[in-house]
Amino acid sequence: MTEVKDNPLVKRSHGGILHLIWKHRMVYTLLLPGLIWYIVFAYGPMGGLQLAFKTYRASEGIWGSPWAGLKNYERVFGDPAFWSAVFRTLYINIGRLIFQFPIPIILALLLNEMKFVKFKKVVQTVFTFPHFLSWIVVASILTNMLSLDGLVNNVLAAFGMERISFLGSPSIFQPMLYITDAWKSAGWGAIVYLAAISGVDTDQYEAAEIDGASRFQRVFFITLPNIMPTIVVMFILAVGGVMSTGFDQVFNLDNVSVRSVSEILDMYIYRITFQAPTDFSFSMAVSLFRSTINMVLLLIADRGAKLMGGDGLLG
Amino acid sequence: MRKKKIGGWDIVLMTILSVWALAILLPVINVIAVSFTSNKEYLARPMMLFPLEPTLKNYIDLLQDKRILIGYRTTLLLVLLGVPLNLFLTTSFAYGLSRRGYPGRKLIFYVVLITMLFNGGIIPMYLLMMKLGLTNSLGSVVFAYGINTFYMVIMRNFFSSLPVALVESAKIDGAGEWRILFRIILPLSMPIIATITLFYTVDRWNEWYNAMIFIKSPNMQPLQLVLRSIVLESQMMDKISATGTAVIDKERFVSGMKMAAVVVTMLPVMCVFPFLQKYFVKGVMVGAIKA
């Protein structure tokens, strides 16, 4: 009869945790490089957030600078440009939810109805590729097309119509943001919905066809309701991004003519940080505010998506 | 098999999709066309989809402007140094997270999750780079983007979805953990690794913001930033000239050179994309439909 200490099935009570760690030493070794990176480059910088409540002195560094309570926030909340930026960000991004969000869905529905496989594949490749270009490139391409002497305006002029400054008019800047973003990414966004559509039970279609339903009715009353869960989850996730979306796009489409309508929160932060006299504490105060609100929104979105049966932001 | 009938709706559908596809292709074709156009022809025929007298002059001018070569060199370096780092960190971490039963697993996962929700912004990162002595070096940009948590989770989910029986039977055969990883898991994971490699490569190719903040030296500017400076230059010239087309510099057709720069920057992605598209799509599917 084996003694207790020799029986491998009996867990030892002392040194148990160390024993476990040694047993899984391979896993810890694997996790170590990534963990070090996260700690140094993701958590390390978070220490800088305390500058939001301090007055930064370069000579004393982050930790040595004196505390300043809420003085920075008095300045932040007292700056009308700040509030303007916040409301503009919300206005533009909520508008995205209404106008831009449906576009990939419609595209997916259309693509799904396309019978000719070769055509569908070619078209899908064309739609998907602009997503992989940087906004610097996309902005150059679109500015070239839409400039006052670009292709589109030349066509308009040939028909006797007036030239429109598409990307230089404050009045249409916002809709142009939606259109250009859809140009770049609607095709890629449609993929998630196409994946969902491919999971729909074909029996339903056959039954509907027998009942004499038209094409349109089939899309509207079968396809659409079946992918509703996916749509809802994607929508909620989009809501989570309402404070943070768009910097890359706006930064690259920004120009002197539209400056009055282009300053979203991230553009405001960029301006006060890099285009104004250096005041790291002021910048950090705004950044902290922005990051906190953004996190709250993402958490709400994550919880909301999970309640709807989706997976949330992470698996 | 039922023969496919072409209905009226199919034609409407094809038309809509074609128009959309053209809306994407035409601007790109336009850019390529202008890049091969001479100054003279552009003034005479501003609206065109391909030049009647193509010229390579814009490209020659572009190459003579050394910046584009610096851009290419920097970005290639960034990809060659950055992507292996990304892969190493992401794959090891993802595999570690996919294993079960070790203390601290949940804690580590939450630690990582928080970084997805919250970050300090660019200034603390800049101060950190200063402290590490990495400012004005490519290292700052290489290390600033180490693990994309979203990609890491996709990989982790993939590893988790591999049948447990595989690992179990290998263990029964006496294989150690490392051998299992290298001889069994990794070969099986090639598709997902290929996909994530592509994602990271595109990210690195398109990277510009960190470099703009961290690197001031003109010899270390990535391609995207070089393109940006060329574009901004031509925009400034547009303001000065009356016609709105930058032709002030009689020697160079600035708009043409700008378009050549755009073509040169997007060419690799454009050429490679049709062949690799299925990998990108598969990656999203794996991410969106979790096992």
# chains A, B, ... in the order shown; residues from 1 in each chain; ligands from 1
call {"tool": "interface_residues", "arguments": {"of": "chain B", "to": "chain A", "cutoff": "6 Å", "atoms": "only C-alpha atoms", "output": "PyMOL selection string"}}
result
chain B and resi 27+47+89+92-93+96+117-118+120+124-125+206
call {"tool": "write_last_selection", "arguments": {"atoms": "N, CA and C atoms", "output": "PDB file, in the first residue's frame"}}
result
ATOM      1  N   PRO B  27     -11.828  56.476 -58.478  1.00  0.00           N
ATOM      2  CA  PRO B  27     -10.848  57.371 -57.849  1.00  0.00           C
ATOM      3  C   PRO B  27      -9.439  56.778 -57.874  1.00  0.00           C
ATOM      4  N   MET B  47      -9.910  66.195 -67.261  1.00  0.00           N
ATOM      5  CA  MET B  47     -10.758  65.064 -66.877  1.00  0.00           C
ATOM      6  C   MET B  47     -10.397  63.859 -67.714  1.00  0.00           C
ATOM      7  N   LEU B  89       5.249  38.120 -29.358  1.00  0.00           N
ATOM      8  CA  LEU B  89       4.514  38.497 -28.152  1.00  0.00           C
ATOM      9  C   LEU B  89       3.083  37.973 -28.195  1.00  0.00           C
ATOM     10  N   SER B  92       2.838  33.828 -28.157  1.00  0.00           N
ATOM     11  CA  SER B  92       3.182  33.227 -26.866  1.00  0.00           C
ATOM     12  C   SER B  92       2.126  33.564 -25.824  1.00  0.00           C
ATOM     13  N   PHE B  93       1.706  34.823 -25.820  1.00  0.00           N
ATOM     14  CA  PHE B  93       0.731  35.231 -24.814  1.00  0.00           C
ATOM     15  C   PHE B  93      -0.610  34.554 -25.052  1.00  0.00           C
ATOM     16  N   GLY B  96      -0.453  30.985 -23.983  1.00  0.00           N
ATOM     17  CA  GLY B  96      -0.464  30.905 -22.530  1.00  0.00           C
ATOM     18  C   GLY B  96      -1.858  31.092 -21.964  1.00  0.00           C
ATOM     19  N   LEU B 117      -9.589  48.928 -22.604  1.00  0.00           N
ATOM     20  CA  LEU B 117     -10.634  49.902 -22.324  1.00  0.00           C
ATOM     21  C   LEU B 117     -10.067  51.279 -22.011  1.00  0.00           C
ATOM     22  N   PHE B 118      -8.854  51.293 -21.553  1.00  0.00           N
ATOM     23  CA  PHE B 118      -8.361  52.521 -20.957  1.00  0.00           C
ATOM     24  C   PHE B 118      -6.908  52.717 -21.339  1.00  0.00           C
ATOM     25  N   GLY B 120      -3.581  55.902 -21.366  1.00  0.00           N
ATOM     26  CA  GLY B 120      -3.205  57.225 -20.895  1.00  0.00           C
ATOM     27  C   GLY B 120      -3.014  58.244 -21.989  1.00  0.00           C
ATOM     28  N   PRO B 124       2.038  60.395 -21.956  1.00  0.00           N
ATOM     29  CA  PRO B 124       2.791  59.523 -21.052  1.00  0.00           C
ATOM     30  C   PRO B 124       3.661  58.542 -21.817  1.00  0.00           C
ATOM     31  N   MET B 125       3.178  58.104 -22.984  1.00  0.00           N
ATOM     32  CA  MET B 125       3.957  57.202 -23.810  1.00  0.00           C
ATOM     33  C   MET B 125       5.235  57.913 -24.260  1.00  0.00           C
ATOM     34  N   ASN B 206       0.870  50.838 -42.511  1.00  0.00           N
ATOM     35  CA  ASN B 206       0.063  52.044 -42.442  1.00  0.00           C
ATOM     36  C   ASN B 206       0.380  52.927 -41.252  1.00  0.00           C
TER      37      ASN B 206
END
call {"tool": "residues_around", "arguments": {"residues": "region 215-222 of chain B", "least_positions_apart": "5", "cutoff": "9 Å", "atoms": "only C-alpha atoms", "output": "list in words"}}
result
Arg67, Ile68, Ile70, Gly71, Tyr72, Arg73, Thr74, Thr75, Leu76, Leu78, Thr135, Asn136, Ser137, Leu138, Ser140, Val141, Trp205, Asn206, Glu207, Trp208, Asn210 and Leu227 of chain B
call {"tool": "write_last_selection", "arguments": {"atoms": "N, CA and C atoms", "output": "PDB file, in the first residue's frame"}}
result
ATOM      1  N   ARG B  67      13.223  61.688 -50.219  1.00  0.00           N
ATOM      2  CA  ARG B  67      12.347  61.370 -49.101  1.00  0.00           C
ATOM      3  C   ARG B  67      11.608  60.054 -49.275  1.00  0.00           C
ATOM      4  N   ILE B  68      11.160  59.781 -50.493  1.00  0.00           N
ATOM      5  CA  ILE B  68      10.356  58.580 -50.705  1.00  0.00           C
ATOM      6  C   ILE B  68      11.198  57.329 -50.460  1.00  0.00           C
ATOM      7  N   ILE B  70      13.726  57.200 -48.351  1.00  0.00           N
ATOM      8  CA  ILE B  70      13.840  57.110 -46.897  1.00  0.00           C
ATOM      9  C   ILE B  70      12.577  56.484 -46.325  1.00  0.00           C
ATOM     10  N   GLY B  71      11.435  56.938 -46.852  1.00  0.00           N
ATOM     11  CA  GLY B  71      10.156  56.420 -46.374  1.00  0.00           C
ATOM     12  C   GLY B  71      10.068  54.913 -46.556  1.00  0.00           C
ATOM     13  N   TYR B  72      10.408  54.454 -47.750  1.00  0.00           N
ATOM     14  CA  TYR B  72      10.344  53.022 -48.028  1.00  0.00           C
ATOM     15  C   TYR B  72      11.285  52.252 -47.111  1.00  0.00           C
ATOM     16  N   ARG B  73      12.492  52.785 -46.970  1.00  0.00           N
ATOM     17  CA  ARG B  73      13.460  52.092 -46.129  1.00  0.00           C
ATOM     18  C   ARG B  73      12.984  52.001 -44.690  1.00  0.00           C
ATOM     19  N   THR B  74      12.489  53.132 -44.173  1.00  0.00           N
ATOM     20  CA  THR B  74      12.024  53.140 -42.781  1.00  0.00           C
ATOM     21  C   THR B  74      10.861  52.186 -42.573  1.00  0.00           C
ATOM     22  N   THR B  75       9.886  52.242 -43.468  1.00  0.00           N
ATOM     23  CA  THR B  75       8.720  51.378 -43.288  1.00  0.00           C
ATOM     24  C   THR B  75       9.092  49.911 -43.437  1.00  0.00           C
ATOM     25  N   LEU B  76       9.975  49.593 -44.385  1.00  0.00           N
ATOM     26  CA  LEU B  76      10.390  48.194 -44.517  1.00  0.00           C
ATOM     27  C   LEU B  76      11.087  47.718 -43.244  1.00  0.00           C
ATOM     28  N   LEU B  78      10.588  48.929 -40.312  1.00  0.00           N
ATOM     29  CA  LEU B  78       9.540  48.847 -39.303  1.00  0.00           C
ATOM     30  C   LEU B  78       8.805  47.513 -39.401  1.00  0.00           C
ATOM     31  N   THR B 135      13.462  57.923 -27.817  1.00  0.00           N
ATOM     32  CA  THR B 135      12.906  58.953 -28.690  1.00  0.00           C
ATOM     33  C   THR B 135      13.804  59.158 -29.891  1.00  0.00           C
ATOM     34  N   ASN B 136      13.184  59.496 -31.003  1.00  0.00           N
ATOM     35  CA  ASN B 136      13.887  59.736 -32.254  1.00  0.00           C
ATOM     36  C   ASN B 136      14.559  58.480 -32.804  1.00  0.00           C
ATOM     37  N   SER B 137      14.152  57.314 -32.308  1.00  0.00           N
ATOM     38  CA  SER B 137      14.656  56.095 -32.906  1.00  0.00           C
ATOM     39  C   SER B 137      13.481  55.222 -33.304  1.00  0.00           C
ATOM     40  N   LEU B 138      13.683  54.354 -34.268  1.00  0.00           N
ATOM     41  CA  LEU B 138      12.614  53.494 -34.751  1.00  0.00           C
ATOM     42  C   LEU B 138      12.132  52.555 -33.642  1.00  0.00           C
ATOM     43  N   SER B 140      11.252  53.156 -30.747  1.00  0.00           N
ATOM     44  CA  SER B 140      10.076  53.654 -30.032  1.00  0.00           C
ATOM     45  C   SER B 140       8.806  53.211 -30.742  1.00  0.00           C
ATOM     46  N   VAL B 141       8.785  53.333 -32.054  1.00  0.00           N
ATOM     47  CA  VAL B 141       7.597  52.942 -32.806  1.00  0.00           C
ATOM     48  C   VAL B 141       7.434  51.425 -32.810  1.00  0.00           C
ATOM     49  N   TRP B 205       2.574  48.746 -41.991  1.00  0.00           N
ATOM     50  CA  TRP B 205       2.750  49.477 -43.247  1.00  0.00           C
ATOM     51  C   TRP B 205       2.041  50.823 -43.180  1.00  0.00           C
ATOM     52  N   ASN B 206       0.870  50.838 -42.511  1.00  0.00           N
ATOM     53  CA  ASN B 206       0.063  52.044 -42.442  1.00  0.00           C
ATOM     54  C   ASN B 206       0.380  52.927 -41.252  1.00  0.00           C
ATOM     55  N   GLU B 207       1.339  52.508 -40.429  1.00  0.00           N
ATOM     56  CA  GLU B 207       1.578  53.223 -39.184  1.00  0.00           C
ATOM     57  C   GLU B 207       2.156  54.608 -39.428  1.00  0.00           C
ATOM     58  N   TRP B 208       1.623  55.621 -38.733  1.00  0.00           N
ATOM     59  CA  TRP B 208       2.177  56.967 -38.898  1.00  0.00           C
ATOM     60  C   TRP B 208       2.112  57.817 -37.651  1.00  0.00           C
ATOM     61  N   ASN B 210       2.337  57.352 -34.234  1.00  0.00           N
ATOM     62  CA  ASN B 210       3.410  57.232 -33.243  1.00  0.00           C
ATOM     63  C   ASN B 210       4.713  57.793 -33.781  1.00  0.00           C
ATOM     64  N   LEU B 227       4.591  60.551 -47.489  1.00  0.00           N
ATOM     65  CA  LEU B 227       3.474  60.829 -48.381  1.00  0.00           C
ATOM     66  C   LEU B 227       2.721  62.048 -47.888  1.00  0.00           C
TER      67      LEU B 227
END
call {"tool": "select_by_dssp", "arguments": {"residues": "region 83-221 of chain B", "states": "helix (DSSP H, G or I)", "output": "ChimeraX atom specification"}}
result
/B:83-98,105-117,122-132,138-144,149-161,164-172,177-188,190-205,209-214,218-220
call {"tool": "atom_distance", "arguments": {"atom1": "CA of Leu265 (chain A)", "atom2": "CA of Arg88 (chain A)"}}
result
7.8 Å
call {"tool": "residues_around", "arguments": {"residues": "Leu224 (chain A)", "least_positions_apart": "4", "cutoff": "9 Å", "atoms": "only C-alpha atoms", "output": "PDB file with N, CA and C atoms, in the first residue's frame"}}
result
ATOM      1  N   LEU A 109     -26.680  42.561 -47.412  1.00  0.00           N
ATOM      2  CA  LEU A 109     -27.930  42.006 -47.930  1.00  0.00           C
ATOM      3  C   LEU A 109     -27.898  41.963 -49.458  1.00  0.00           C
ATOM      4  N   ILE A 197     -25.341  36.065 -42.126  1.00  0.00           N
ATOM      5  CA  ILE A 197     -26.360  35.655 -43.090  1.00  0.00           C
ATOM      6  C   ILE A 197     -26.122  34.217 -43.540  1.00  0.00           C
ATOM      7  N   ARG A 218     -38.695  38.179 -48.880  1.00  0.00           N
ATOM      8  CA  ARG A 218     -37.816  37.185 -48.260  1.00  0.00           C
ATOM      9  C   ARG A 218     -36.673  37.885 -47.528  1.00  0.00           C
ATOM     10  N   VAL A 219     -36.096  38.894 -48.159  1.00  0.00           N
ATOM     11  CA  VAL A 219     -34.988  39.600 -47.513  1.00  0.00           C
ATOM     12  C   VAL A 219     -35.466  40.279 -46.241  1.00  0.00           C
ATOM     13  N   PHE A 220     -36.593  40.947 -46.381  1.00  0.00           N
ATOM     14  CA  PHE A 220     -37.057  41.753 -45.277  1.00  0.00           C
ATOM     15  C   PHE A 220     -37.590  40.942 -44.116  1.00  0.00           C
ATOM     16  N   MET A 228     -30.725  39.964 -36.903  1.00  0.00           N
ATOM     17  CA  MET A 228     -30.947  41.016 -35.902  1.00  0.00           C
ATOM     18  C   MET A 228     -30.003  40.930 -34.700  1.00  0.00           C
TER      19      MET A 228
END
call {"tool": "atom_distance", "arguments": {"atom1": "CA of Pro268 (chain B)", "atom2": "CA of Phe88 (chain B)"}}
result
24.1 Å
call {"tool": "residues_around", "arguments": {"residues": "Tyr209 (chain B)", "least_positions_apart": "3", "cutoff": "9 Å", "atoms": "only C-alpha atoms", "output": "NGL selection string"}}
result
(:A and (248)) or (:B and (212-214 or 225))
call {"tool": "atom_distance", "arguments": {"atom1": "CA of Arg96 (chain A)", "atom2": "CA of Ser185 (chain A)"}}
result
12.9 Å
call {"tool": "residues_around", "arguments": {"residues": "region 170-179 of chain A", "least_positions_apart": "3", "cutoff": "7 Å", "atoms": "only C-alpha atoms", "output": "list in words"}}
result
Ile92, Arg96, Gln100, Leu167, Ala182, Trp183, Val258 and Val261 of chain A
call {"tool": "write_last_selection", "arguments": {"atoms": "C-alpha atoms", "output": "mmCIF file, in the first residue's frame"}}
result
data_model
loop_
_atom_site.group_PDB
_atom_site.id
_atom_site.type_symbol
_atom_site.label_atom_id
_atom_site.label_comp_id
_atom_site.auth_asym_id
_atom_site.auth_seq_id
_atom_site.Cartn_x
_atom_site.Cartn_y
_atom_site.Cartn_z
ATOM 1 C CA ILE A 92 -20.975 63.477 -35.455
ATOM 2 C CA ARG A 96 -22.771 57.871 -37.733
ATOM 3 C CA GLN A 100 -23.386 55.235 -41.594
ATOM 4 C CA LEU A 167 -14.144 68.501 -48.901
ATOM 5 C CA ALA A 182 -18.386 54.180 -45.894
ATOM 6 C CA TRP A 183 -16.285 54.323 -49.075
ATOM 7 C CA VAL A 258 -13.344 73.221 -42.588
ATOM 8 C CA VAL A 261 -16.463 72.135 -37.955
#
call {"tool": "residues_around", "arguments": {"residues": "region 164-167 of chain B", "least_positions_apart": "4", "cutoff": "10 Å", "atoms": "only C-alpha atoms", "output": "PyMOL selection string"}}
result
chain B and resi 159-160+171-173+175+177+180-181+184-185
call {"tool": "write_last_selection", "arguments": {"atoms": "N, CA and C atoms", "output": "tab-separated table (two decimals), in the first residue's frame"}}
result
chain	number	residue	atom	x	y	z
B	159	PHE	N	-6.60	28.81	-30.39
B	159	PHE	CA	-5.89	27.78	-29.63
B	159	PHE	C	-6.85	27.00	-28.75
B	160	SER	N	-7.79	27.73	-28.14
B	160	SER	CA	-8.75	27.06	-27.26
B	160	SER	C	-9.62	26.08	-28.03
B	171	LYS	N	0.48	13.77	-24.68
B	171	LYS	CA	1.04	13.64	-23.33
B	171	LYS	C	1.18	12.19	-22.94
B	172	ILE	N	0.16	11.40	-23.32
B	172	ILE	CA	0.21	9.98	-23.01
B	172	ILE	C	1.40	9.35	-23.72
B	173	ASP	N	1.68	9.82	-24.93
B	173	ASP	CA	2.83	9.31	-25.65
B	173	ASP	C	4.14	9.79	-25.06
B	175	ALA	N	5.14	13.10	-24.65
B	175	ALA	CA	5.71	14.37	-25.14
B	175	ALA	C	5.64	15.44	-24.06
B	177	GLU	N	5.64	19.51	-22.74
B	177	GLU	CA	4.83	20.66	-23.15
B	177	GLU	C	5.43	21.42	-24.33
B	180	ILE	N	5.06	19.58	-27.54
B	180	ILE	CA	3.67	19.65	-28.00
B	180	ILE	C	3.43	20.97	-28.71
B	181	LEU	N	3.94	22.05	-28.10
B	181	LEU	CA	3.73	23.36	-28.69
B	181	LEU	C	4.33	23.44	-30.08
B	184	ILE	N	3.13	20.12	-32.58
B	184	ILE	CA	1.72	19.86	-32.86
B	184	ILE	C	0.92	21.15	-33.02
B	185	ILE	N	0.93	21.96	-31.97
B	185	ILE	CA	0.07	23.13	-31.96
B	185	ILE	C	0.43	24.12	-33.08
